[in-house]
$ cat upload_33.tsv   # TSV, C-alpha atoms
chain	number	residue	atom	x	y	z
N	1	MET	CA	-9.94	48.40	-16.56
N	2	LYS	CA	-6.31	47.34	-16.32
N	3	THR	CA	-6.52	47.28	-12.52
N	4	VAL	CA	-9.55	45.01	-12.66
N	5	LEU	CA	-7.70	42.68	-15.01
N	6	VAL	CA	-4.63	42.61	-12.78
N	7	ARG	CA	-6.80	41.90	-9.73
N	8	ALA	CA	-8.63	39.13	-11.58
N	9	GLY	CA	-5.28	37.70	-12.70
N	10	THR	CA	-3.94	37.82	-9.16
N	11	PHE	CA	-7.05	36.07	-7.84
N	12	ALA	CA	-6.84	33.38	-10.54
N	13	VAL	CA	-3.16	32.73	-9.84
N	14	PHE	CA	-3.68	32.51	-6.08
N	15	ALA	CA	-6.78	30.33	-6.47
N	16	THR	CA	-4.82	27.97	-8.72
N	17	ALA	CA	-1.89	28.00	-6.31
N	18	LEU	CA	-4.22	27.18	-3.43
N	19	LEU	CA	-5.73	24.32	-5.41
N	20	ILE	CA	-2.32	22.93	-6.32
N	21	LEU	CA	-0.89	23.39	-2.86
N	22	GLY	CA	-3.70	21.83	-0.98
N	23	GLY	CA	-6.40	20.57	-3.32
N	24	CYS	CA	-5.71	16.86	-3.12
N	25	ALA	CA	-3.56	17.00	-0.03
N	26	VAL	CA	-6.00	18.07	2.66
N	27	GLY	CA	-8.03	15.65	4.75
N	28	ASN	CA	-6.64	12.39	3.36
N	29	ARG	CA	-7.53	9.23	5.28
N	30	TYR	CA	-6.15	5.70	5.05
N	31	ASP	CA	-8.03	2.69	6.38
N	32	TYR	CA	-5.91	0.01	8.03
N	33	GLY	CA	-8.80	-1.87	9.62
N	34	ASN	CA	-9.19	-4.28	6.70
N	35	ALA	CA	-5.57	-4.38	5.58
N	36	ILE	CA	-4.86	-8.10	6.00
N	37	SER	CA	-6.47	-10.70	3.73
N	38	GLY	CA	-4.66	-13.78	5.01
N	39	LEU	CA	-1.82	-14.89	7.26
N	40	PRO	CA	0.63	-17.79	6.96
N	41	VAL	CA	-0.29	-19.27	10.34
N	42	SER	CA	-3.25	-21.20	11.68
N	43	GLY	CA	-4.27	-22.46	15.06
N	44	SER	CA	-7.07	-22.71	17.54
N	45	GLY	CA	-7.85	-21.63	21.06
N	46	ARG	CA	-7.83	-18.22	22.70
N	47	LEU	CA	-5.26	-15.73	21.53
N	48	ALA	CA	-4.92	-12.30	23.12
N	49	VAL	CA	-3.99	-9.61	20.61
N	50	ASP	CA	-2.67	-6.17	21.38
N	51	VAL	CA	-1.15	-3.34	19.34
N	52	VAL	CA	0.85	-0.72	21.22
N	53	ASP	CA	1.64	2.59	19.57
N	54	VAL	CA	5.00	3.81	20.85
N	55	ARG	CA	5.78	6.29	18.09
N	56	PRO	CA	7.75	9.04	19.84
N	57	TYR	CA	5.77	11.92	18.31
N	58	VAL	CA	2.51	10.29	19.45
N	59	LEU	CA	3.80	9.63	22.97
N	60	SER	CA	4.99	13.23	23.21
N	61	GLY	CA	1.62	14.53	22.05
N	62	ASP	CA	3.02	16.23	18.93
N	63	LYS	CA	0.73	14.06	16.81
N	64	LYS	CA	-2.60	12.45	17.65
N	65	PRO	CA	-2.88	8.62	17.77
N	66	ASP	CA	-4.86	8.66	14.51
N	67	PHE	CA	-1.94	10.24	12.63
N	68	VAL	CA	-0.66	7.90	9.91
N	69	GLY	CA	1.50	10.14	7.76
N	70	LEU	CA	1.83	13.16	5.53
N	71	GLN	CA	0.42	14.15	2.16
N	72	ARG	CA	2.40	16.94	0.57
N	73	GLY	CA	1.03	19.71	-1.60
N	74	GLY	CA	2.63	21.17	-4.71
N	75	PHE	CA	5.56	22.79	-2.92
N	76	GLY	CA	6.09	19.97	-0.47
N	77	ASN	CA	3.92	21.58	2.16
N	78	PRO	CA	2.73	18.79	4.49
N	79	PHE	CA	-0.80	17.93	5.57
N	80	ASP	CA	-1.54	15.21	8.13
N	81	VAL	CA	-3.13	11.98	6.96
N	82	ARG	CA	-5.38	10.22	9.47
N	83	THR	CA	-6.93	6.80	9.91
N	84	GLY	CA	-10.06	5.99	7.93
N	85	SER	CA	-12.22	5.55	11.03
N	86	GLY	CA	-10.73	8.41	13.02
N	87	ARG	CA	-9.77	5.91	15.73
N	88	PRO	CA	-6.13	5.45	16.78
N	89	LEU	CA	-3.84	3.71	14.29
N	90	ALA	CA	-3.17	0.96	16.86
N	91	ALA	CA	-6.91	0.20	17.04
N	92	GLU	CA	-7.25	-0.07	13.25
N	93	MET	CA	-4.15	-2.27	13.00
N	94	ARG	CA	-5.51	-4.50	15.77
N	95	ASP	CA	-8.82	-4.84	13.91
N	96	ALA	CA	-7.00	-6.01	10.79
N	97	ILE	CA	-4.83	-8.49	12.71
N	98	ALA	CA	-7.75	-9.83	14.77
N	99	LYS	CA	-9.95	-10.39	11.69
N	100	ALA	CA	-7.15	-12.20	9.86
N	101	LEU	CA	-6.32	-14.42	12.86
N	102	GLN	CA	-9.99	-15.29	13.38
N	103	GLN	CA	-10.12	-16.42	9.75
N	104	GLN	CA	-7.18	-18.70	10.52
N	105	GLY	CA	-9.03	-20.40	13.37
N	106	PHE	CA	-7.95	-18.46	16.47
N	107	ALA	CA	-10.42	-17.17	19.05
N	108	VAL	CA	-9.11	-13.64	19.40
N	109	VAL	CA	-9.63	-11.83	22.69
N	110	GLY	CA	-8.56	-8.45	24.04
N	111	GLY	CA	-4.95	-7.77	24.93
N	112	THR	CA	-5.61	-7.70	28.67
N	113	GLU	CA	-7.74	-10.84	28.78
N	114	ALA	CA	-6.38	-14.16	30.00
N	115	ALA	CA	-5.24	-16.47	27.22
N	116	PRO	CA	-2.60	-19.19	26.78
N	117	ARG	CA	-0.91	-17.06	24.10
N	118	LYS	CA	-0.61	-13.34	23.57
N	119	LEU	CA	0.43	-11.59	20.36
N	120	GLU	CA	1.70	-8.06	20.75
N	121	LEU	CA	2.68	-5.68	17.97
N	122	ARG	CA	4.68	-2.64	19.06
N	123	VAL	CA	4.66	0.18	16.55
N	124	PHE	CA	7.92	2.09	16.99
N	125	GLU	CA	7.37	3.84	13.65
N	126	TRP	CA	4.67	3.90	11.02
N	127	LYS	CA	4.39	6.90	8.79
N	128	THR	CA	3.72	7.45	5.10
N	129	ASP	CA	5.00	10.50	3.26
N	130	VAL	CA	3.49	11.18	-0.15
N	131	MET	CA	4.33	13.68	-2.84
N	132	MET	CA	5.31	12.33	-6.26
N	133	LYS	CA	6.23	9.05	-4.58
N	134	MET	CA	5.00	7.35	-1.49
N	135	LYS	CA	7.51	6.59	1.22
N	136	THR	CA	6.58	4.40	4.17
N	137	LEU	CA	8.78	4.49	7.25
N	138	TYR	CA	8.25	1.52	9.52
N	139	ASP	CA	9.63	-0.12	12.61
N	140	LEU	CA	7.45	-2.94	13.89
N	141	GLN	CA	8.12	-5.55	16.55
N	142	LEU	CA	5.96	-8.64	16.99
N	143	SER	CA	6.15	-10.64	20.21
N	144	VAL	CA	4.45	-13.83	21.31
N	145	PHE	CA	4.03	-14.48	25.04
N	146	ASP	CA	2.65	-17.46	26.92
N	147	GLY	CA	-0.12	-17.23	29.52
N	148	SER	CA	2.41	-16.18	32.19
N	149	ALA	CA	3.78	-13.33	30.08
N	150	VAL	CA	6.98	-15.23	29.28
N	151	LEU	CA	8.39	-14.23	25.89
N	152	LEU	CA	8.30	-17.16	23.45
N	153	ALA	CA	9.28	-15.48	20.18
N	154	GLN	CA	10.03	-12.06	18.80
N	155	ALA	CA	10.62	-10.60	15.33
N	156	ARG	CA	11.29	-7.05	14.22
N	157	THR	CA	11.28	-5.31	10.87
N	158	LYS	CA	12.51	-1.80	10.25
N	159	GLY	CA	13.12	0.25	7.12
N	160	GLU	CA	11.49	2.35	4.49
N	161	ASP	CA	9.55	1.36	1.39
N	162	VAL	CA	9.24	3.66	-1.58
N	163	GLY	CA	6.33	3.19	-3.95
N	164	SER	CA	4.08	5.03	-6.36
N	165	GLY	CA	2.31	8.13	-5.18
N	166	GLY	CA	-1.08	8.91	-6.64
N	167	PHE	CA	-4.56	9.85	-5.56
N	168	GLU	CA	-5.89	9.30	-2.05
N	169	SER	CA	-7.63	5.98	-2.75
N	170	GLY	CA	-4.53	4.51	-4.41
N	171	ASN	CA	-2.27	5.74	-1.63
N	172	ALA	CA	-4.63	4.30	0.98
N	173	THR	CA	-4.53	0.91	-0.77
N	174	ASN	CA	-0.74	1.00	-0.96
N	175	ALA	CA	-0.41	1.98	2.69
N	176	ALA	CA	-2.66	-0.90	3.76
N	177	ARG	CA	-0.80	-3.37	1.49
N	178	THR	CA	2.56	-2.25	2.85
N	179	PHE	CA	1.31	-2.87	6.38
N	180	GLU	CA	-0.02	-6.27	5.31
N	181	LEU	CA	3.31	-7.17	3.70
N	182	ARG	CA	5.39	-6.06	6.70
N	183	PHE	CA	3.14	-7.69	9.29
N	184	THR	CA	3.02	-10.92	7.27
N	185	GLU	CA	6.81	-10.85	7.09
N	186	LEU	CA	6.88	-10.82	10.91
N	187	VAL	CA	4.35	-13.66	11.21
N	188	ARG	CA	6.33	-15.70	8.68
N	189	ASP	CA	9.27	-15.71	11.11
N	190	GLU	CA	9.82	-19.37	12.01
N	191	ALA	CA	9.91	-18.79	15.79
N	192	VAL	CA	6.76	-16.67	15.72
N	193	ARG	CA	4.87	-19.19	13.61
N	194	SER	CA	5.95	-22.03	15.83
N	195	ALA	CA	4.96	-20.19	19.03
N	196	LEU	CA	1.54	-19.40	17.57
N	197	SER	CA	0.87	-22.80	16.04
N	198	THR	CA	2.03	-24.93	18.97
N	199	PRO	CA	-0.94	-25.73	21.21
N	200	ALA	CA	-0.64	-24.23	24.67
N	201	PRO	CA	0.01	-26.79	27.47
A	1	MET	CA	5.49	49.20	-10.97
A	2	LYS	CA	2.37	47.74	-12.60
A	3	THR	CA	4.48	46.25	-15.42
A	4	SER	CA	6.79	44.50	-13.01
A	5	PHE	CA	3.77	43.19	-11.09
A	6	VAL	CA	2.23	41.80	-14.30
A	7	SER	CA	5.55	40.25	-15.32
A	8	GLY	CA	5.79	38.73	-11.82
A	9	LEU	CA	2.34	37.25	-12.31
A	10	HIS	CA	3.47	35.75	-15.62
A	11	ARG	CA	6.44	34.16	-13.91
A	12	ILE	CA	4.26	32.69	-11.17
A	13	SER	CA	1.83	31.37	-13.80
A	14	LEU	CA	4.69	29.75	-15.72
A	15	GLY	CA	6.00	28.28	-12.49
A	16	LEU	CA	2.60	26.80	-11.72
A	17	LEU	CA	2.34	25.41	-15.26
A	18	ALA	CA	5.76	23.82	-14.88
A	19	LEU	CA	4.62	22.36	-11.59
A	20	LEU	CA	1.59	20.85	-13.29
A	21	LEU	CA	3.73	19.39	-16.07
A	22	VAL	CA	6.10	17.83	-13.56
A	23	GLY	CA	3.09	15.74	-12.56
A	24	CYS	CA	2.99	14.23	-16.04
A	25	VAL	CA	5.17	11.32	-15.07
A	26	GLY	CA	4.86	7.76	-13.96
A	27	ASN	CA	6.49	5.59	-11.40
A	28	THR	CA	6.79	1.98	-10.46
A	29	SER	CA	7.31	0.07	-7.24
A	30	GLY	CA	7.26	-3.45	-5.97
A	31	GLN	CA	8.60	-6.10	-3.67
A	32	MET	CA	8.98	-9.84	-3.62
A	33	THR	CA	9.58	-11.92	-0.51
A	34	LEU	CA	9.76	-15.32	-2.25
A	35	PRO	CA	13.24	-16.76	-2.87
A	36	LYS	CA	14.29	-16.97	-6.54
A	37	GLU	CA	14.14	-20.78	-6.65
A	38	GLN	CA	10.53	-20.79	-5.47
A	39	VAL	CA	9.64	-18.05	-7.95
A	40	GLN	CA	10.91	-20.15	-10.86
A	41	ALA	CA	9.46	-23.45	-9.65
A	42	GLY	CA	6.03	-22.18	-8.64
A	43	SER	CA	2.77	-22.48	-10.51
A	44	TYR	CA	0.72	-19.29	-10.72
A	45	PHE	CA	-2.94	-18.61	-11.26
A	46	VAL	CA	-3.94	-15.11	-12.34
A	47	GLN	CA	-7.40	-14.59	-10.92
A	48	ARG	CA	-9.58	-12.43	-13.11
A	49	ASN	CA	-10.92	-9.34	-11.43
A	50	GLU	CA	-14.75	-9.54	-11.53
A	51	LYS	CA	-14.99	-5.93	-12.72
A	52	ASP	CA	-12.42	-6.39	-15.48
A	53	ASP	CA	-14.12	-6.59	-18.88
A	54	ARG	CA	-10.79	-6.37	-20.75
A	55	ASP	CA	-9.52	-9.70	-19.38
A	56	LEU	CA	-6.19	-8.34	-18.16
A	57	ALA	CA	-5.78	-11.66	-16.32
A	58	SER	CA	-5.00	-13.47	-19.57
A	59	THR	CA	-2.60	-10.73	-20.66
A	60	ILE	CA	-0.81	-10.87	-17.28
A	61	ALA	CA	-0.58	-14.68	-17.50
A	62	LYS	CA	0.89	-14.44	-21.03
A	63	ALA	CA	3.43	-11.86	-19.88
A	64	MET	CA	4.40	-14.17	-17.01
A	65	GLN	CA	4.72	-17.11	-19.40
A	66	ALA	CA	7.06	-14.98	-21.51
A	67	ARG	CA	9.24	-14.71	-18.40
A	68	GLY	CA	9.45	-18.49	-18.16
A	69	LEU	CA	6.88	-18.82	-15.38
A	70	HIS	CA	4.13	-21.42	-15.31
A	71	ALA	CA	1.02	-19.25	-15.26
A	72	THR	CA	-2.63	-19.71	-16.15
A	73	ALA	CA	-5.58	-17.36	-15.87
A	74	GLY	CA	-9.29	-17.55	-15.21
A	75	THR	CA	-12.12	-16.87	-12.81
A	76	VAL	CA	-12.08	-17.91	-9.14
A	77	ALA	CA	-14.01	-21.06	-10.00
A	78	GLN	CA	-11.40	-22.05	-12.61
A	79	ARG	CA	-8.46	-22.01	-10.21
A	80	PRO	CA	-6.54	-25.29	-10.54
A	81	ALA	CA	-5.81	-27.17	-7.31
A	82	GLU	CA	-2.10	-27.34	-8.11
A	83	ALA	CA	-1.67	-23.55	-8.26
A	84	ALA	CA	0.71	-22.61	-5.46
A	85	TYR	CA	0.36	-18.87	-5.92
A	86	VAL	CA	-2.52	-16.59	-6.78
A	87	VAL	CA	-2.03	-13.34	-8.66
A	88	ASN	CA	-4.64	-10.61	-8.05
A	89	TYR	CA	-4.70	-7.21	-9.63
A	90	VAL	CA	-6.43	-3.85	-9.38
A	91	ASP	CA	-6.58	-1.82	-12.59
A	92	LYS	CA	-7.58	1.82	-12.61
A	93	TRP	CA	-8.43	3.43	-15.92
A	94	MET	CA	-8.85	7.09	-16.71
A	95	TRP	CA	-10.18	9.08	-19.59
A	96	ASP	CA	-8.17	11.84	-21.26
A	97	MET	CA	-9.25	11.94	-24.91
A	98	ARG	CA	-9.00	8.13	-24.70
A	99	MET	CA	-9.10	5.53	-21.96
A	100	TYR	CA	-5.69	4.68	-20.54
A	101	LEU	CA	-4.47	2.42	-17.76
A	102	TYR	CA	-3.58	4.91	-15.04
A	103	ASP	CA	-2.61	2.52	-12.28
A	104	LEU	CA	-2.06	-1.22	-12.16
A	105	ARG	CA	-1.24	-3.06	-8.98
A	106	ILE	CA	-0.47	-6.77	-9.09
A	107	ASP	CA	-0.41	-8.72	-5.81
A	108	LEU	CA	1.11	-12.16	-5.36
A	109	ARG	CA	-0.44	-14.34	-2.65
A	110	ASP	CA	0.02	-17.82	-1.26
A	111	ALA	CA	-2.86	-19.95	-2.59
A	112	ARG	CA	-3.17	-21.86	0.72
A	113	ASP	CA	-3.82	-18.97	3.06
A	114	GLN	CA	-4.03	-15.82	0.87
A	115	SER	CA	-1.05	-14.31	2.70
A	116	ILE	CA	0.76	-11.67	0.68
A	117	LEU	CA	4.16	-12.50	-0.82
A	118	GLY	CA	4.85	-9.50	-3.01
A	119	TYR	CA	3.48	-6.86	-5.31
A	120	GLY	CA	4.33	-4.87	-8.41
A	121	GLN	CA	2.83	-1.56	-9.40
A	122	SER	CA	2.98	0.81	-12.31
A	123	MET	CA	1.32	4.21	-12.30
A	124	GLN	CA	1.42	6.61	-15.23
A	125	SER	CA	-0.15	9.90	-16.11
A	126	SER	CA	-1.93	10.56	-19.39
A	127	LEU	CA	1.19	12.00	-21.04
A	128	LYS	CA	3.42	9.16	-19.91
A	129	ALA	CA	0.87	6.59	-21.08
A	130	MET	CA	0.67	8.13	-24.54
A	131	GLY	CA	1.72	5.66	-27.24
A	132	GLN	CA	1.83	2.81	-24.76
A	133	THR	CA	-0.45	-0.18	-24.50
A	134	HIS	CA	-1.73	-1.79	-21.33
A	135	GLU	CA	0.68	-4.66	-22.10
A	136	ASP	CA	3.52	-2.18	-21.53
A	137	VAL	CA	2.03	-1.21	-18.18
A	138	ILE	CA	1.59	-4.87	-17.21
A	139	ASN	CA	5.22	-5.58	-18.07
A	140	ARG	CA	6.42	-2.62	-16.02
A	141	ALA	CA	4.46	-3.84	-12.99
A	142	LEU	CA	5.71	-7.41	-13.50
A	143	ASP	CA	9.29	-6.10	-13.72
A	144	GLN	CA	8.85	-4.93	-10.14
A	145	LEU	CA	7.50	-8.27	-8.97
A	146	PHE	CA	9.82	-10.48	-11.01
A	147	PRO	CA	12.87	-8.28	-11.70
A	148	PRO	CA	14.53	-9.36	-14.96
A	149	GLY	CA	17.89	-11.04	-14.50
A	150	LYS	CA	17.39	-11.65	-10.76
$ encode --input "upload_33.tsv" --output "structure tokens"
Amino acid sequence: MKTVLVRAGTFAVFATALLILGGCAVGNRYDYGNAISGLPVSGSGRLAVDVVDVRPYVLSGDKKPDFVGLQRGGFGNPFDVRTGSGRPLAAEMRDAIAKALQQQGFAVVGGTEAAPRKLELRVFEWKTDVMMKMKTLYDLQLSVFDGSAVLLAQARTKGEDVGSGGFESGNATNAARTFELRFTELVRDEAVRSALSTPAP
Amino acid sequence: MKTSFVSGLHRISLGLLALLLVGCVGNTSGQMTLPKEQVQAGSYFVQRNEKDDRDLASTIAKAMQARGLHATAGTVAQRPAEAAYVVNYVDKWMWDMRMYLYDLRIDLRDARDQSILGYGQSMQSSLKAMGQTHEDVINRALDQLFPPGK
């Protein structure tokens, strides 16, 4: 009888441990495709938009392009967080940027298509790390080129933001808002705004 | 042998309980990209969340007024033309023997183009929220957006 009790106790403890360690941490997804509600720039005409993911661990193949960060379990054990759509992070970020720029009057085309202006976001780092708090590591560079690929303006932001950690939906919202805030910060750069707003010759 | 195994199990159980209790906390976060002069001079409109039947918008506006800011609240249709900034919020409530405000996120946006300028957030567990009102939570989130004394 005692053995049965001990076995049941062991099972209960391990089941609880498993739940705590991985229950809310496994399979989290954050959607970046609708992250941007508005941008402080407006214009018209064709604008090529490209997002290039140059995160070292993605380039090396250690992580897949849809990797967006880590969700930690009860003892800090990490689980990968992926994009909401399962597509690469760069593709979701481009969707968000393209939608927002279209709202502001631009005719957004693909990054390789001919256009008098090209906007390129290079993602050197983008990773969230959530346990009790949510840390976002970022290093983003925004460049504006003319139709001949001459650089007109460039802005870069790098750092880490620490915010509240919670459930998956709240973390996903915070991750998207942090991207919106950081990208908007780059667009608000005077040289970038001017290069985007000035009509192409 | 069996006794030590059982006592080990007790220790693990206590450890797990402690781990659960550690989760009974709250935290805040926020950022503001507007310069202080613009923060003080601006006019704010707190836009009521359509799903909010507690009218937190009015409470947020009052808390902002208490900080010396010119703030009004209402529905989208009531937004005054002179409002330079729009304040949106997402409130998440939970039930644990009573309803409590689990997470409040307040976003500040430019009224002209809806671009984001800052945010303040306060998240608290059931234990942390005990004895506190949603006004307390609102003030904690606003402290992140408009840090006192800055």
$ closest_residue --input "upload_33.tsv" --among "A:Lys51, A:Arg105, A:Arg67, A:Lys62" --to "chain N" --atoms "all atoms listed in the file"
A:Arg105
$ residues_around --input "upload_33.tsv" --residues "N:Leu59" --least-positions-apart "6" --cutoff "12 Å" --atoms "all atoms listed in the file" --output "list in words"
Val52, Asp53, Pro65, Phe67, Val123, Phe124 and Glu125 of chain N
$ residues_around --input "upload_33.tsv" --residues "stretch 34-49 of chain A" --least-positions-apart "3" --cutoff "9 Å" --atoms "all atoms listed in the file" --output "number ranges by chain"
A: 52-53, 55-58, 60-61, 64, 68-76, 78-80, 82-91, 108, 111, 117-118, 146, 150
$ residues_around --input "upload_33.tsv" --residues "stretch 160-163 of chain N" --least-positions-apart "6" --cutoff "10 Å" --atoms "only C-alpha atoms" --output "short mmCIF file (atom, residue, chain, number, x, y, z; two decimals) with C-alpha atoms, in the frame of the given file"
data_model
loop_
_atom_site.label_atom_id
_atom_site.label_comp_id
_atom_site.auth_asym_id
_atom_site.auth_seq_id
_atom_site.Cartn_x
_atom_site.Cartn_y
_atom_site.Cartn_z
CA TRP N 126 4.67 3.90 11.02
CA LYS N 127 4.39 6.90 8.79
CA THR N 128 3.72 7.45 5.10
CA ASP N 129 5.00 10.50 3.26
CA VAL N 130 3.49 11.18 -0.15
CA MET N 132 5.31 12.33 -6.26
CA LYS N 133 6.23 9.05 -4.58
CA MET N 134 5.00 7.35 -1.49
CA LYS N 135 7.51 6.59 1.22
CA THR N 136 6.58 4.40 4.17
CA LEU N 137 8.78 4.49 7.25
CA TYR N 138 8.25 1.52 9.52
CA ASP N 139 9.63 -0.12 12.61
CA ASN N 171 -2.27 5.74 -1.63
CA ASN N 174 -0.74 1.00 -0.96
CA ALA N 175 -0.41 1.98 2.69
CA THR N 178 2.56 -2.25 2.85
CA ASN A 27 6.49 5.59 -11.40
CA THR A 28 6.79 1.98 -10.46
CA SER A 29 7.31 0.07 -7.24
CA GLY A 30 7.26 -3.45 -5.97
CA GLN A 31 8.60 -6.10 -3.67
CA GLY A 120 4.33 -4.87 -8.41
CA GLN A 121 2.83 -1.56 -9.40
CA SER A 122 2.98 0.81 -12.31
CA MET A 123 1.32 4.21 -12.30
#
$ closest_residue --input "upload_33.tsv" --among "A:Met130, A:Thr59, A:Tyr119, A:Gln65" --to "A:Trp95" --atoms "all atoms listed in the file"
A:Met130
$ atom_distance --input "upload_33.tsv" --atom1 "atom CA of N:Thr184" --atom2 "atom CA of N:Gln141"
11.9 Å
